[in-house]
Amino acid sequence: MSTRAYASTPLGQIHYREAGEGPPVVLLHQTASSSAMYERAMPSFVEAGYRAIAMDTPGFGLSDAPPQRPGSADYYARAVVALLDALGIERAALVGFHTGATYAIEVAASAPERVSAIALVGVLAITDDAHEASWSWILKPYTADLEGRFLEPHLELLRMYCHEDDPEMLLTELAQRLLAGPNYWWAYESVLKHRAYDRLPLVTCPVLYVNPTGDMLIAETKEAHARTPGSSYAEMPGDAGAVMQHPAAFAETVTGFLRQHGI
């Protein structure tokens with residue numbers, strides 16, 4: 001089991017889960033989840049000899065929300081660095097899933113001295129304005145109603161990747177979406193505004209791209225790998241719920257890459 005705590009930072013209180021000792025690995029979640037999505041995988045990181053730190057990015061889980069709409073990934077990247085500062089960590093490996101992958105790229109580009117390696121699981125690298133517009137359908141604010149009708153679109157999405165034999169996963173992910181509230185789409189907007197291909201040349205650390213074989217971002221992740229010279233590539237089972245569905249395989253994929261690079 002992980003321990004849970006808050007770090008006081010210039011961007012507000014950041015909630016995180018932590019387990020193990022060894023080289024630090026910061027786990028960045030997808031939207032609209034939280035550090036809870038890594039709870040099943042953290043023991044495998046510990047067994048492999050790593051200090052696993054799963055943070056709630058601002059506005060998700062139990063972390064303070066941004067005071068206003070950030071509009072870019074920079075704000076969330078600064079939150080990652082702020083957590084490292086608060087924990088006294090000079091350098092860490094970053095692991096990002098979907099939205100978290102974008103933030104990992106931005107941290108590695110803007111603060112390369114703080115990052116030992118990045119593992120990007122299902123990365124959406126936006127190429128231009130037309131590509132951004134094609135993904136605008138994910139920007140869906142909602143308004144709560146007493147009948148609970150606003151819940152159905154969220155449940156419909158979660159049913160796509162939460163297996164029938166794992167209702168705990170659906171409950172966990174639904175709870176995190178509700179905690180994020182109607183402004184959860186701010187994080188999606190930051191991904192769509194981010195131009196990864198302009199930032200990746202500034203990344204000097206080892207890069208791993210990981211594709212869950214049933215994920216919606218398979219083509220995008222392969223393209224990003226192809227356009228990142230020297231990067232590594234791996235596949236694992238699962239889809240948008242891969243971390244919770246196959247936690248040991250996820251951790252093994254990441255830690256194997258880290259060991260290859262002496263981390």
# chains A, B, ... in the order shown; residues from 1 in each chain; ligands from 1

$ select_by_dssp --residues "range 29-245 of chain A" --states "strand (DSSP E)" --output "number ranges by chain"
A: 51-55, 92-97, 115-121, 207-212, 232-236

$ closest_atom_pairs --of "range 200-243 of chain A" --to "range 25-38 of chain A" --cutoff "9 Å" --atoms "only C-alpha atoms" --output "Markdown table"
| residue | atom | partner | partner_atom | distance |
| --- | --- | --- | --- | --- |
| A:Ala240 | CA | A:Gln30 | CA | 8.8 |
| A:Gly241 | CA | A:Met37 | CA | 8.5 |
| A:Val243 | CA | A:Tyr38 | CA | 6.6 |

$ closest_atom_pairs --of "range 161-257 of chain A" --to "range 76-86 of chain A" --cutoff "12 Å" --atoms "only C-alpha atoms" --output "tab-separated table"
residue	atom	partner	partner_atom	distance
A:Trp186	CA	A:Tyr76	CA	10.6
A:Ala187	CA	A:Tyr76	CA	8.4
A:Tyr188	CA	A:Tyr76	CA	11.5
A:Glu189	CA	A:Tyr76	CA	11.8
A:Ser190	CA	A:Tyr76	CA	8.6
A:Val191	CA	A:Tyr76	CA	10.3
A:His194	CA	A:Ala77	CA	11.5

$ select_by_dssp --residues "range 66-220 of chain A" --states "helix (DSSP H, G or I)" --output "VMD selection string"
chain A and resid 73 to 87 99 to 110 112 to 114 129 to 134 136 to 138 151 to 161 167 to 180 182 to 193 196 to 202 218 to 220

$ closest_residue --among "A:Ser63, A:Ser8, A:Ser116, A:Thr127" --to "Cys205 in chain A" --atoms "only C-alpha atoms"
A:Ser116

$ residues_around --residues "Met236 in chain A" --least-positions-apart "4" --cutoff "7 Å" --atoms "only C-alpha atoms" --output "number ranges by chain"
A: 211-213, 249

$ residues_around --residues "Arg17 in chain A" --least-positions-apart "6" --cutoff "9 Å" --atoms "only C-alpha atoms" --output "number ranges by chain"
A: 2-6, 35-36, 38-39, 52-56

$ closest_residue --among "A:Val115, A:Phe250, A:Pro66, A:Arg40" --to "Ile263 in chain A" --atoms "only C-alpha atoms"
A:Val115

$ closest_residue --among "A:Ile14, A:Leu208, A:Ala7, A:Met244" --to "Glu168 in chain A" --atoms "only C-alpha atoms"
A:Met244

$ residues_around --residues "Leu155 in chain A" --least-positions-apart "4" --cutoff "8 Å" --atoms "only C-alpha atoms" --output "ChimeraX atom specification"
/A:151,159,174

$ write_last_selection --atoms "all heavy atoms" --output "mmCIF file, in the first residue's frame"
data_model
loop_
_atom_site.group_PDB
_atom_site.id
_atom_site.type_symbol
_atom_site.label_atom_id
_atom_site.label_comp_id
_atom_site.auth_asym_id
_atom_site.auth_seq_id
_atom_site.Cartn_x
_atom_site.Cartn_y
_atom_site.Cartn_z
ATOM 1 N N LEU A 151 -24.438 12.019 -15.537
ATOM 2 C CA LEU A 151 -23.519 10.906 -15.292
ATOM 3 C C LEU A 151 -23.429 9.953 -16.484
ATOM 4 O O LEU A 151 -22.403 9.295 -16.678
ATOM 5 C CB LEU A 151 -23.979 10.117 -14.066
ATOM 6 C CG LEU A 151 -23.823 10.796 -12.705
ATOM 7 C CD1 LEU A 151 -24.510 9.962 -11.635
ATOM 8 C CD2 LEU A 151 -22.365 10.989 -12.376
ATOM 9 N N ARG A 159 -17.498 2.480 -19.535
ATOM 10 C CA ARG A 159 -17.869 1.104 -19.912
ATOM 11 C C ARG A 159 -17.047 0.612 -21.089
ATOM 12 O O ARG A 159 -16.920 -0.595 -21.301
ATOM 13 C CB ARG A 159 -19.355 1.036 -20.247
ATOM 14 C CG ARG A 159 -20.289 1.234 -19.062
ATOM 15 C CD ARG A 159 -21.730 0.965 -19.453
ATOM 16 N NE ARG A 159 -22.654 1.440 -18.433
ATOM 17 C CZ ARG A 159 -23.452 2.515 -18.571
ATOM 18 N NH1 ARG A 159 -23.417 3.208 -19.704
ATOM 19 N NH2 ARG A 159 -24.260 2.888 -17.600
ATOM 20 N N LEU A 174 -14.926 6.529 -12.039
ATOM 21 C CA LEU A 174 -16.070 7.438 -11.980
ATOM 22 C C LEU A 174 -15.907 8.430 -10.835
ATOM 23 O O LEU A 174 -16.161 9.637 -10.996
ATOM 24 C CB LEU A 174 -17.372 6.656 -11.816
ATOM 25 C CG LEU A 174 -18.641 7.510 -11.668
ATOM 26 C CD1 LEU A 174 -18.862 8.382 -12.902
ATOM 27 C CD2 LEU A 174 -19.861 6.621 -11.407
#

$ closest_atom_pairs --of "range 83-169 of chain A" --to "range 252-260 of chain A" --cutoff "8 Å" --atoms "only C-alpha atoms" --output "JSON lines"
{"residue": "A:Val95", "atom": "CA", "partner": "A:Val254", "partner_atom": "CA", "distance": 8.0}
{"residue": "A:Ala117", "atom": "CA", "partner": "A:Leu258", "partner_atom": "CA", "distance": 7.4}
{"residue": "A:Ala119", "atom": "CA", "partner": "A:Val254", "partner_atom": "CA", "distance": 6.7}

$ residues_around --residues "Ala248 in chain A" --least-positions-apart "6" --cutoff "9 Å" --atoms "only C-alpha atoms" --output "list of chain:residue names"
A:Arg40, A:Ala41, A:Met42, A:Pro43, A:Ser44, A:Phe45

$ closest_residue --among "A:Leu179, A:Leu87, A:Ala19, A:Leu202" --to "Ala65 in chain A" --atoms "only C-alpha atoms"
A:Leu179

$ atom_distance --atom1 "CA of Pro229 in chain A" --atom2 "CA of Glu106 in chain A"
17.4 Å

$ atom_distance --atom1 "CA of Val207 in chain A" --atom2 "CA of Pro237 in chain A"
19.9 Å

$ residues_around --residues "Ala101 in chain A" --least-positions-apart "4" --cutoff "7 Å" --atoms "only C-alpha atoms" --output "ChimeraX atom specification"
/A:95-97,105,120-121,123

$ closest_residue --among "A:Asp129, A:Glu18, A:Glu90, A:Glu220" --to "Pro112 in chain A" --atoms "only C-alpha atoms"
A:Glu90

$ atom_distance --atom1 "CA of Gln245 in chain A" --atom2 "CA of Gly214 in chain A"
11.8 Å
